[in-house]
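File shown: input.cif. Contents: mmCIF, C-alpha atoms and all ligand atoms.
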data_protein
loop_
_atom_site.label_atom_id
_atom_site.label_comp_id
_atom_site.auth_asym_id
_atom_site.auth_seq_id
_atom_site.Cartn_x
_atom_site.Cartn_y
_atom_site.Cartn_z
CA MET O 1 -4.19 42.53 4.77
CA SER O 2 -2.29 45.39 3.08
CA LEU O 3 -4.04 47.58 0.52
CA ILE O 4 -1.92 46.07 -2.29
CA ALA O 5 -2.80 42.51 -1.23
CA THR O 6 -6.52 43.41 -1.04
CA LEU O 7 -6.38 44.97 -4.52
CA LYS O 8 -4.53 41.91 -5.89
CA THR O 9 -7.21 39.54 -4.48
CA ALA O 10 -10.03 41.69 -5.90
CA LEU O 11 -8.29 41.80 -9.31
CA LYS O 12 -7.85 38.02 -9.30
CA ARG O 13 -11.59 37.59 -8.60
CA VAL O 14 -12.46 39.81 -11.57
CA LEU O 15 -10.02 38.05 -13.90
CA ARG O 16 -10.78 34.53 -12.65
CA PRO O 17 -14.21 34.53 -10.92
CA GLU O 18 -15.08 31.62 -8.60
CA PRO O 19 -16.94 28.94 -10.63
CA LYS O 20 -20.69 29.07 -10.01
CA PRO O 21 -21.95 26.13 -7.95
CA LEU O 22 -23.56 23.43 -10.13
CA THR O 23 -27.34 23.26 -9.79
CA ASP O 24 -27.77 20.42 -12.29
CA PHE O 25 -25.66 18.11 -14.44
CA GLU O 26 -24.30 19.96 -17.47
CA TYR O 27 -26.24 18.75 -20.51
CA ARG O 28 -23.17 18.51 -22.74
CA THR O 29 -21.42 16.16 -20.29
CA LEU O 30 -24.29 13.66 -19.87
CA PRO O 31 -23.78 10.03 -20.91
CA TRP O 32 -25.16 9.59 -24.44
CA ILE O 33 -28.21 7.66 -23.18
CA ASP O 34 -29.36 10.58 -20.99
CA LYS O 35 -29.48 12.99 -23.92
CA LYS O 36 -32.78 13.77 -25.64
CA GLU O 37 -31.54 12.63 -29.02
CA ALA O 38 -30.22 9.24 -27.76
CA ASP O 39 -30.64 6.66 -30.55
CA ILE O 40 -30.54 3.26 -28.86
CA ASP O 41 -30.86 1.25 -32.10
CA ALA O 42 -27.92 3.11 -33.67
CA PHE O 43 -25.87 2.58 -30.50
CA ILE O 44 -26.51 -1.17 -30.51
CA ARG O 45 -25.59 -1.51 -34.19
CA GLN O 46 -22.07 -0.23 -33.48
CA TYR O 47 -21.58 -1.64 -29.93
CA GLY O 48 -18.76 -4.20 -29.99
CA ARG O 49 -20.12 -6.15 -27.00
CA LYS O 50 -23.71 -6.49 -28.23
CA ASN O 51 -23.44 -10.29 -28.16
CA ASP O 52 -22.39 -10.38 -24.49
CA PHE O 53 -25.98 -10.16 -23.25
CA PRO O 54 -28.32 -13.04 -22.27
CA TYR O 55 -31.28 -10.61 -22.67
CA ASP O 56 -32.54 -8.06 -25.17
CA LEU O 57 -30.08 -5.16 -24.77
CA ARG O 58 -32.34 -2.74 -26.61
CA GLU O 59 -35.21 -3.37 -24.19
CA LYS O 60 -32.96 -3.02 -21.13
CA LEU O 61 -31.36 0.24 -22.35
CA GLN O 62 -34.81 1.66 -23.12
CA PHE O 63 -35.99 0.64 -19.63
CA TRP O 64 -32.90 2.29 -18.07
CA LYS O 65 -33.54 5.52 -19.98
CA GLU O 66 -37.17 5.67 -18.82
CA ASN O 67 -36.84 4.34 -15.27
CA GLY O 68 -33.23 4.94 -14.18
CA TYR O 69 -32.50 1.31 -13.26
CA VAL O 70 -32.51 -2.31 -14.46
CA ILE O 71 -32.57 -5.62 -12.60
CA LEU O 72 -30.37 -8.47 -13.92
CA GLU O 73 -31.62 -11.79 -12.62
CA LYS O 74 -29.20 -14.57 -11.60
CA ALA O 75 -26.26 -12.50 -12.82
CA ILE O 76 -23.69 -13.75 -10.27
CA PRO O 77 -23.20 -17.46 -9.42
CA ASP O 78 -24.06 -18.48 -5.84
CA SER O 79 -20.66 -20.16 -5.38
CA TRP O 80 -18.87 -16.83 -6.06
CA LEU O 81 -21.08 -15.03 -3.53
CA ASP O 82 -20.55 -17.74 -0.89
CA MET O 83 -16.80 -17.48 -1.30
CA LEU O 84 -16.91 -13.69 -0.98
CA TRP O 85 -19.25 -13.71 2.01
CA SER O 86 -16.97 -16.18 3.85
CA GLU O 87 -14.15 -13.61 3.49
CA VAL O 88 -16.30 -10.76 4.82
CA GLU O 89 -17.46 -12.97 7.69
CA GLU O 90 -13.80 -13.69 8.53
CA VAL O 91 -13.28 -9.92 9.00
CA PHE O 92 -16.34 -9.73 11.27
CA THR O 93 -15.26 -12.78 13.31
CA ASN O 94 -11.49 -12.17 13.61
CA ASN O 95 -11.60 -8.39 13.30
CA ASP O 96 -8.53 -7.96 15.55
CA LYS O 97 -6.37 -9.18 12.60
CA TYR O 98 -7.55 -6.64 10.00
CA ALA O 99 -7.00 -2.94 9.27
CA ILE O 100 -9.94 -2.90 6.83
CA LYS O 101 -12.00 0.30 6.98
CA ILE O 102 -15.45 0.14 8.56
CA GLN O 103 -18.03 2.91 8.64
CA VAL O 104 -20.04 2.95 11.87
CA ASP O 105 -23.24 5.03 11.63
CA LEU O 106 -24.08 4.90 15.36
CA PRO O 107 -24.64 8.08 17.42
CA GLU O 108 -21.69 7.29 19.73
CA TYR O 109 -19.36 7.28 16.68
CA THR O 110 -20.45 10.72 15.41
CA GLY O 111 -17.44 12.64 14.15
CA ARG O 112 -15.29 9.48 14.03
CA SER O 113 -17.51 7.21 11.94
CA VAL O 114 -14.69 5.74 9.82
CA GLN O 115 -12.87 3.15 11.94
CA ILE O 116 -10.66 0.14 11.22
CA ALA O 117 -11.92 -3.37 11.93
CA LYS O 118 -9.38 -4.19 14.64
CA ASP O 119 -10.33 -1.13 16.71
CA LEU O 120 -14.01 -2.08 17.01
CA PRO O 121 -15.58 -4.21 19.75
CA GLN O 122 -17.20 -7.46 18.58
CA ASN O 123 -20.73 -6.31 19.45
CA VAL O 124 -20.33 -3.18 17.27
CA ILE O 125 -18.72 -4.78 14.19
CA ASN O 126 -21.31 -7.59 14.20
CA GLY O 127 -24.29 -5.27 14.68
CA GLN O 128 -26.43 -2.90 12.61
CA TYR O 129 -25.27 0.42 11.07
CA ILE O 130 -21.99 -1.10 9.85
CA LYS O 131 -20.58 -0.76 6.33
CA VAL O 132 -17.35 -2.43 5.24
CA ILE O 133 -15.60 0.14 3.03
CA ASP O 134 -13.77 -0.82 -0.18
CA PHE O 135 -13.34 -4.49 0.74
CA HIS O 136 -12.73 -5.08 -2.99
CA ASN O 137 -9.18 -3.78 -2.46
CA SER O 138 -8.51 -6.76 -0.17
CA SER O 139 -10.26 -9.47 -2.17
CA VAL O 140 -9.82 -10.99 -5.62
CA ALA O 141 -13.37 -12.45 -5.43
CA ALA O 142 -14.83 -9.00 -4.64
CA LYS O 143 -12.99 -7.47 -7.62
CA LYS O 144 -14.22 -10.22 -9.96
CA ILE O 145 -17.82 -9.80 -8.79
CA MET O 146 -17.65 -6.01 -8.87
CA LEU O 147 -16.44 -6.17 -12.49
CA HIS O 148 -18.50 -9.23 -13.48
CA LYS O 149 -19.20 -9.40 -17.21
CA SER O 150 -22.94 -8.81 -16.68
CA ILE O 151 -22.29 -5.52 -14.84
CA ALA O 152 -19.27 -4.27 -16.84
CA SER O 153 -20.87 -4.81 -20.25
CA PHE O 154 -24.20 -3.15 -19.37
CA LEU O 155 -22.60 -0.10 -17.72
CA GLU O 156 -20.13 0.23 -20.61
CA ALA O 157 -23.18 0.51 -22.87
CA VAL O 158 -24.77 3.12 -20.58
CA PHE O 159 -21.65 5.31 -20.38
CA GLY O 160 -20.50 4.62 -23.94
CA ASP O 161 -17.06 4.37 -22.33
CA ARG O 162 -14.84 1.96 -20.40
CA VAL O 163 -16.15 1.30 -16.87
CA ILE O 164 -14.06 2.18 -13.79
CA ALA O 165 -15.21 0.92 -10.39
CA MET O 166 -14.83 3.71 -7.80
CA GLN O 167 -15.75 2.30 -4.42
CA SER O 168 -17.72 -0.44 -2.63
CA LEU O 169 -19.67 -1.17 0.54
CA PHE O 170 -20.71 -4.40 2.27
CA PHE O 171 -23.82 -4.54 4.41
CA LYS O 172 -24.79 -7.42 6.70
CA TYR O 173 -27.96 -5.63 7.85
CA GLY O 174 -30.25 -3.09 6.21
CA SER O 175 -28.74 0.43 6.09
CA GLN O 176 -31.98 2.29 7.02
CA GLN O 177 -30.41 5.20 5.10
CA ALA O 178 -32.61 8.20 4.26
CA THR O 179 -33.73 8.76 0.67
CA HIS O 180 -30.88 10.16 -1.44
CA GLN O 181 -29.30 10.31 -4.88
CA ASP O 182 -25.73 9.07 -5.09
CA PHE O 183 -24.20 11.88 -7.16
CA ALA O 184 -24.36 14.16 -4.08
CA TYR O 185 -22.03 11.85 -2.12
CA VAL O 186 -19.94 9.89 -4.64
CA VAL O 187 -18.31 12.50 -6.84
CA SER O 188 -16.30 11.84 -9.99
CA GLU O 189 -14.82 14.44 -12.33
CA ASN O 190 -18.09 14.33 -14.26
CA PRO O 191 -20.93 13.78 -11.76
CA SER O 192 -23.41 12.38 -14.29
CA HIS O 193 -20.99 9.56 -15.14
CA LEU O 194 -21.93 7.56 -12.09
CA ALA O 195 -23.90 4.35 -11.63
CA ALA O 196 -24.25 1.75 -8.91
CA ALA O 197 -24.83 -1.98 -8.47
CA TRP O 198 -26.69 -3.59 -5.57
CA ILE O 199 -25.68 -7.25 -5.52
CA ALA O 200 -27.91 -9.49 -3.38
CA MET O 201 -25.71 -11.88 -1.36
CA GLU O 202 -28.86 -13.71 -0.12
CA ASP O 203 -32.63 -13.71 -0.86
CA ILE O 204 -33.99 -10.41 0.47
CA HIS O 205 -36.78 -10.54 3.06
CA ILE O 206 -39.34 -7.72 3.29
CA ASP O 207 -38.74 -7.27 7.06
CA SER O 208 -34.92 -7.04 6.75
CA GLY O 209 -34.85 -3.33 5.75
CA PRO O 210 -34.72 -3.75 1.97
CA LEU O 211 -33.60 -1.08 -0.46
CA PHE O 212 -36.41 1.12 -1.80
CA TYR O 213 -36.31 3.27 -4.93
CA TYR O 214 -38.46 5.59 -7.05
CA PRO O 215 -38.58 4.57 -10.75
CA GLY O 216 -38.30 7.59 -13.06
CA SER O 217 -36.86 9.90 -10.37
CA HIS O 218 -33.46 10.11 -12.12
CA THR O 219 -34.67 13.06 -14.22
CA ASN O 220 -36.25 15.04 -11.35
CA GLN O 221 -35.09 18.51 -10.39
CA LYS O 222 -31.90 18.43 -8.30
CA PHE O 223 -31.64 19.57 -4.67
CA ASN O 224 -29.44 22.57 -3.82
CA PHE O 225 -27.48 22.07 -0.59
CA GLY O 226 -26.91 25.85 -0.49
CA ASN O 227 -23.61 25.38 -2.32
CA GLY O 228 -24.84 23.32 -5.27
CA ILE O 229 -25.71 19.67 -5.82
CA PHE O 230 -22.89 18.07 -3.77
CA PHE O 231 -23.03 17.55 -0.01
CA ASN O 232 -19.81 18.64 1.74
CA GLY O 233 -18.45 20.62 4.67
CA GLN O 234 -19.66 23.92 3.14
CA SER O 235 -23.28 22.79 2.63
CA ALA O 236 -25.92 24.84 4.45
CA ARG O 237 -28.49 22.05 4.17
CA ASP O 238 -28.20 18.44 5.27
CA PRO O 239 -29.15 14.86 4.24
CA ASN O 240 -32.55 15.16 6.00
CA ASP O 241 -33.40 18.26 3.93
CA PHE O 242 -32.21 16.33 0.85
CA ALA O 243 -34.51 13.38 1.68
CA ARG O 244 -37.55 15.62 2.27
CA PHE O 245 -37.01 17.49 -1.01
CA ILE O 246 -36.61 14.28 -3.04
CA GLU O 247 -39.66 12.57 -1.51
CA ALA O 248 -41.85 15.67 -1.98
CA ASN O 249 -40.81 15.81 -5.64
CA CYS O 250 -41.47 12.10 -6.24
CA THR O 251 -44.92 12.40 -4.59
CA ALA O 252 -45.78 15.51 -6.63
CA LEU O 253 -44.82 13.68 -9.84
CA GLY O 254 -46.79 10.53 -8.93
CA GLN O 255 -43.63 8.38 -8.81
CA GLN O 256 -44.34 5.24 -6.78
CA ARG O 257 -41.88 3.92 -4.21
CA LYS O 258 -40.78 0.31 -4.94
CA THR O 259 -39.19 -2.22 -2.60
CA LEU O 260 -36.26 -4.30 -3.83
CA LEU O 261 -37.10 -7.92 -2.99
CA ILE O 262 -34.58 -9.67 -5.21
CA LYS O 263 -32.96 -13.09 -4.87
CA LYS O 264 -29.37 -14.12 -4.21
CA GLY O 265 -27.25 -13.42 -7.31
CA ASP O 266 -29.66 -10.83 -8.75
CA VAL O 267 -28.27 -7.35 -9.36
CA LEU O 268 -29.97 -3.94 -9.39
CA LEU O 269 -28.06 -1.39 -11.48
CA TRP O 270 -29.07 2.24 -10.99
CA HIS O 271 -28.49 5.69 -12.40
CA ALA O 272 -26.50 8.44 -10.59
CA ALA O 273 -29.72 10.32 -9.81
CA LEU O 274 -32.20 7.52 -9.01
CA ALA O 275 -33.80 8.33 -5.63
CA HIS O 276 -33.38 5.43 -3.18
CA GLY O 277 -32.73 4.53 0.45
CA GLY O 278 -32.94 1.75 3.04
CA ASP O 279 -36.28 0.77 4.59
CA ALA O 280 -36.79 0.28 8.33
CA ILE O 281 -35.72 -3.11 9.73
CA ASN O 282 -38.89 -4.73 11.09
CA ASN O 283 -37.17 -7.90 12.28
CA PRO O 284 -33.69 -7.29 13.75
CA ALA O 285 -32.90 -11.03 13.58
CA LEU O 286 -32.87 -10.86 9.78
CA THR O 287 -29.68 -10.14 7.86
CA ARG O 288 -29.75 -8.37 4.47
CA LYS O 289 -26.37 -9.24 3.01
CA SER O 290 -25.47 -7.06 0.07
CA PHE O 291 -22.50 -5.75 -1.87
CA VAL O 292 -22.95 -2.23 -3.24
CA CYS O 293 -20.51 -0.88 -5.84
CA HIS O 294 -20.26 2.54 -7.46
CA TYR O 295 -18.87 3.07 -10.95
CA SER O 296 -17.80 5.83 -13.26
CA SER O 297 -16.27 5.95 -16.71
CA GLN O 298 -12.70 6.20 -17.97
CA ASN O 299 -13.08 9.86 -18.92
CA ALA O 300 -14.67 10.86 -15.64
CA TYR O 301 -12.58 8.92 -13.10
CA ARG O 302 -8.95 8.98 -14.11
CA HIS O 303 -7.19 8.82 -10.74
CA HIS O 304 -7.84 7.21 -7.39
CA ARG O 305 -9.76 9.79 -5.34
CA GLN O 306 -7.24 9.51 -2.49
CA LYS O 307 -4.18 10.07 -4.73
CA PRO O 308 -5.27 12.25 -7.66
CA ASP O 309 -1.72 13.26 -8.60
CA GLU O 310 -0.55 9.70 -9.38
CA GLU O 311 -1.21 7.33 -12.30
CA PRO O 312 -3.30 4.53 -10.72
CA VAL O 313 -2.37 0.83 -10.70
CA ARG O 314 -5.22 -0.98 -12.48
CA HIS O 315 -6.80 -4.40 -11.98
CA THR O 316 -8.72 -5.32 -15.11
CA TYR O 317 -11.58 -7.81 -15.54
CA ASN O 318 -14.05 -8.03 -18.42
CA GLY O 319 -12.77 -4.84 -20.07
CA ALA O 320 -13.32 -2.72 -16.94
CA ASP O 321 -10.87 -1.49 -14.29
CA VAL O 322 -10.63 -0.93 -10.58
CA PHE O 323 -7.70 0.97 -9.09
CA ALA O 324 -5.43 -0.58 -6.46
CA HIS O 325 -5.55 1.27 -3.15
CA PRO O 326 -2.71 3.83 -3.27
CA PHE O 327 -1.83 3.48 0.46
CA LEU O 328 -3.05 0.12 1.83
CA LYS O 329 -0.61 -1.89 -0.29
CA ASP O 330 -0.23 -4.72 2.25
CA HIS O 331 -4.01 -5.26 2.13
CA GLU O 332 -4.34 -5.49 -1.66
CA ASP O 333 -5.71 -8.94 -2.58
CA LEU O 334 -5.10 -10.29 0.94
CA PHE O 335 -8.01 -12.69 0.30
CA LYS O 336 -7.03 -14.78 -2.71
CA GLY O 337 -9.84 -17.36 -2.82
CA GLY O 338 -11.26 -15.65 -5.91
CA GLU O 339 -8.19 -16.48 -8.02
CA ASP O 340 -9.81 -19.79 -9.06
CA LEU O 341 -13.19 -18.29 -10.00
O1 LIG O 401 -28.26 -0.72 0.63
C1 LIG O 401 -28.77 0.26 1.15
O2 LIG O 401 -29.68 0.17 1.98
C2 LIG O 401 -28.32 1.64 0.78
C3 LIG O 401 -27.18 1.65 -0.18
C4 LIG O 401 -27.08 2.97 -0.82
O3 LIG O 401 -28.03 3.70 -0.86
C5 LIG O 401 -25.88 3.45 -1.46
O4 LIG O 401 -24.80 2.89 -1.21
O5 LIG O 401 -25.96 4.42 -2.22
#

Go ahead and render the structure in this file as structure tokens.
Ligand SMILES: O=C(O)CCC(=O)C(=O)O
Amino acid sequence: MSLIATLKTALKRVLRPEPKPLTDFEYRTLPWIDKKEADIDAFIRQYGRKNDFPYDLREKLQFWKENGYVILEKAIPDSWLDMLWSEVEEVFTNNDKYAIKIQVDLPEYTGRSVQIAKDLPQNVINGQYIKVIDFHNSSVAAKKIMLHKSIASFLEAVFGDRVIAMQSLFFKYGSQQATHQDFAYVVSENPSHLAAAWIAMEDIHIDSGPLFYYPGSHTNQKFNFGNGIFFNGQSARDPNDFARFIEANCTALGQQRKTLLIKKGDVLLWHAALAHGGDAINNPALTRKSFVCHYSSQNAYRHHRQKPDEEPVRHTYNGADVFAHPFLKDHEDLFKGGEDL
């Protein structure tokens, strides 16, 4: 580099220094409910959807603030889940017809873990360590369940803003994923405006590798990957370091690990920073069918993450949106069974 170019680069650094890596959520950007002064009663008085709830909203919001999660029982009708699962099963059975994305977390797929259904052998796509990515783009039923009134109205209250669904995953078997907090992996423009739903597609058996979680862990100190709180290609530390740090913190704070043994149609909603993971599968014959969705808010997720320079096409249900896939246009709503739901 010439002397002039070196001087120009140095000058630029002085005038516009690199932003410091984030080591925590910025307090001023937190959802209202995460702030110290949050007044739940005042929020409910002015919340337009306060009559949408078949339970005491005040109690649930208070529980969320203290524990970082809530469970909504019998939130989604069985018939909706059966319709959706039959579509997912069609992809597993006739995978050669579909270009739907599948994540394969098997050692032999290291470095090429995102595949498309038609490229996978039957024994792989029907086995463990498989996640169907963003199936909601291909299915009306998945969109309607992802943005079901029970989920959209509660998360709208939590964010104090319109809900935008960001991404989704289907699991047929337990994930056996190490303990983590989602904000490190699912990143919106404002990382604290993130929440997730775990929708049970069947009754969950203790030996099937259920989800586990640590109530109260959403306010614990954040892990630093060496380049801040997000895991990416520049991180010096890895998901195993992340898991060890989180578990040590939870143990030190006396936070007890809980196992999610919910029934078909029940939904766990959790905070961006709730520590959780997938337990070991003790009986490989058992499925653990679940639909996991991640959400942000209108102010924090304004564009599809794969096409940030374009105004997204929106699908709207129950006052919440999900963006159409910007590239896989021929796959959008390929499965239309949900139109009658
Ligand atoms: O369902 C599981 O076992 C893990 C799901 C999960 O942790 C996630 O998607 O963030």

- When the cut-off is 8 Å and you count only C-alpha atoms and all ligand atoms, which residues lie near ligand LIG 401 (chain O), shown as a PyMOL selection string? chain O and resi 168-169+171+174-177+179-182+196+198+209-212+276-279+290+292-294

Determine, counting only C-alpha atoms, which protein, DNA and RNA residues have an atom within 6 Å of an atom of segment 329-337 of chain O; residues of the same chain fewer than 6 positions away are not included. Present the result as an MDAnalysis selection string.
chainID O and resid 137:140

- How many Å separate atom CA of Ile262 of chain O from atom CA of Ile71 of chain O?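 So the answer is 8.7 Å.
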
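Minimum atom-to-atom distance to Asn299 of chain O, evaluated using all atoms listed in the file, belongs to O:Ser188 out of O:Gln103, O:Gln167, O:Ser188, O:Gln46.
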
As a check of understanding: the span from atom CA of Val132 of chain O to atom CA of Gln298 of chain O is 25.2 Å

Pick the closest to Ala178 of chain O from O:Arg244, O:Lys149, O:His325, O:Arg237: which is it, counting only C-alpha atoms?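 When distances to Ala178 of chain O are compared using only C-alpha atoms, the smallest one comes from O:Arg244.
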
Rounded to one decimal, what separation in Å do you get between atom CA of Asp39 of chain O and atom CA of Ala320 of chain O?
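Atom-to-atom, atom CA of Asp39 of chain O to atom CA of Ala320 of chain O, that is 23.9 Å.
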
Find the residues near Leu286 of chain O: any atom within 12 Å, counting only C-alpha atoms, skip ones fewer than 4 places away on the same chain, and give them as a PDB file with C-alpha atoms, in the frame of the given file.
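See result.pdb below for the written result:
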ATOM      1  CA  GLY O 127     -24.290  -5.270  14.680  1.00  0.00           C
ATOM      2  CA  GLN O 128     -26.430  -2.900  12.610  1.00  0.00           C
ATOM      3  CA  LYS O 172     -24.790  -7.420   6.700  1.00  0.00           C
ATOM      4  CA  TYR O 173     -27.960  -5.630   7.850  1.00  0.00           C
ATOM      5  CA  GLY O 174     -30.250  -3.090   6.210  1.00  0.00           C
ATOM      6  CA  GLU O 202     -28.860 -13.710  -0.120  1.00  0.00           C
ATOM      7  CA  ASP O 203     -32.630 -13.710  -0.860  1.00  0.00           C
ATOM      8  CA  ILE O 204     -33.990 -10.410   0.470  1.00  0.00           C
ATOM      9  CA  HIS O 205     -36.780 -10.540   3.060  1.00  0.00           C
ATOM     10  CA  ILE O 206     -39.340  -7.720   3.290  1.00  0.00           C
ATOM     11  CA  ASP O 207     -38.740  -7.270   7.060  1.00  0.00           C
ATOM     12  CA  SER O 208     -34.920  -7.040   6.750  1.00  0.00           C
ATOM     13  CA  GLY O 209     -34.850  -3.330   5.750  1.00  0.00           C
ATOM     14  CA  PRO O 210     -34.720  -3.750   1.970  1.00  0.00           C
ATOM     15  CA  ALA O 280     -36.790   0.280   8.330  1.00  0.00           C
ATOM     16  CA  ILE O 281     -35.720  -3.110   9.730  1.00  0.00           C
ATOM     17  CA  ASN O 282     -38.890  -4.730  11.090  1.00  0.00           C
TER      18      ASN O 282
END

Shell around Pro215 of chain O at 10 Å using all atoms listed in the file, local window under 2 positions removed, as a PDB file with C-alpha atoms, in the coordinates of the input:
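See around_13.pdb below for the written result:
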ATOM      1  CA  TRP O  64     -32.900   2.290 -18.070  1.00  0.00           C
ATOM      2  CA  GLU O  66     -37.170   5.670 -18.820  1.00  0.00           C
ATOM      3  CA  ASN O  67     -36.840   4.340 -15.270  1.00  0.00           C
ATOM      4  CA  GLY O  68     -33.230   4.940 -14.180  1.00  0.00           C
ATOM      5  CA  TYR O  69     -32.500   1.310 -13.260  1.00  0.00           C
ATOM      6  CA  VAL O  70     -32.510  -2.310 -14.460  1.00  0.00           C
ATOM      7  CA  PHE O 212     -36.410   1.120  -1.800  1.00  0.00           C
ATOM      8  CA  TYR O 213     -36.310   3.270  -4.930  1.00  0.00           C
ATOM      9  CA  SER O 217     -36.860   9.900 -10.370  1.00  0.00           C
ATOM     10  CA  HIS O 218     -33.460  10.110 -12.120  1.00  0.00           C
ATOM     11  CA  THR O 219     -34.670  13.060 -14.220  1.00  0.00           C
ATOM     12  CA  CYS O 250     -41.470  12.100  -6.240  1.00  0.00           C
ATOM     13  CA  GLN O 255     -43.630   8.380  -8.810  1.00  0.00           C
ATOM     14  CA  GLN O 256     -44.340   5.240  -6.780  1.00  0.00           C
ATOM     15  CA  ARG O 257     -41.880   3.920  -4.210  1.00  0.00           C
ATOM     16  CA  LYS O 258     -40.780   0.310  -4.940  1.00  0.00           C
ATOM     17  CA  TRP O 270     -29.070   2.240 -10.990  1.00  0.00           C
ATOM     18  CA  LEU O 274     -32.200   7.520  -9.010  1.00  0.00           C
ATOM     19  CA  ALA O 275     -33.800   8.330  -5.630  1.00  0.00           C
ATOM     20  CA  HIS O 276     -33.380   5.430  -3.180  1.00  0.00           C
TER      21      HIS O 276
END

Could you name the residues that touch segment 51-57 of chain O at 10 Å or less, counting all atoms listed in the file, but leaving out those on the same chain fewer than 2 positions away, as a VMD selection string? chain O and resid 40 to 41 44 47 to 49 59 to 63 72 75 149 to 150 153 to 154 157

Around (-8.0, 12.1, -5.9) in the file's own coordinates, what residues are found within 12 Å if you use only C-alpha atoms, given back as an MDAnalysis selection string?
-> chainID O and resid 166 187:189 300:312 323 325:326

**OP:** List every protein, DNA or RNA residue that has an atom no more than 10 Å from (-28.1, 26.1, -1.3) in the file's coordinate frame, counting only C-alpha atoms, and report them as a list in words.
**Re:** Pro21, Thr23, Phe223, Asn224, Phe225, Gly226, Asn227, Gly228, Ile229, Phe230, Gln234, Ser235, Ala236 and Arg237 of chain O

Writing out the chosen residues with C-alpha atoms as a tab-separated table (two decimals), in the coordinates of the input:
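Done, and the output landed in selection.tsv:
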chain	number	residue	atom	x	y	z
O	21	PRO	CA	-21.95	26.13	-7.95
O	23	THR	CA	-27.34	23.26	-9.79
O	223	PHE	CA	-31.64	19.57	-4.67
O	224	ASN	CA	-29.44	22.57	-3.82
O	225	PHE	CA	-27.48	22.07	-0.59
O	226	GLY	CA	-26.91	25.85	-0.49
O	227	ASN	CA	-23.61	25.38	-2.32
O	228	GLY	CA	-24.84	23.32	-5.27
O	229	ILE	CA	-25.71	19.67	-5.82
O	230	PHE	CA	-22.89	18.07	-3.77
O	234	GLN	CA	-19.66	23.92	3.14
O	235	SER	CA	-23.28	22.79	2.63
O	236	ALA	CA	-25.92	24.84	4.45
O	237	ARG	CA	-28.49	22.05	4.17

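With distances restricted to all atoms listed in the file, O:Ser192 is the closest residue to Ile33 of chain O from O:Asn220, O:Asn240, O:Asn232, O:Ser192.
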
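With all atoms listed in the file as the basis for measurement, O:Asn126 is the residue among O:Asn126, O:Ala141, O:Asp241, O:Pro191 that approaches Thr287 of chain O most closely.
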
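Distances here use all atoms listed in the file; by that measure, the residue among O:Ile76, O:Leu120, O:Ala152, O:Ile133 closest to Lys263 of chain O is O:Ile76.
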
Exercise. Using all atoms listed in the file, which residue out of O:Val104, O:Ala165, O:Ile246, O:Leu81 lies closest to Asp134 of chain O?
Worked result: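 Under the stated criterion, the closest residue is O:Ala165.
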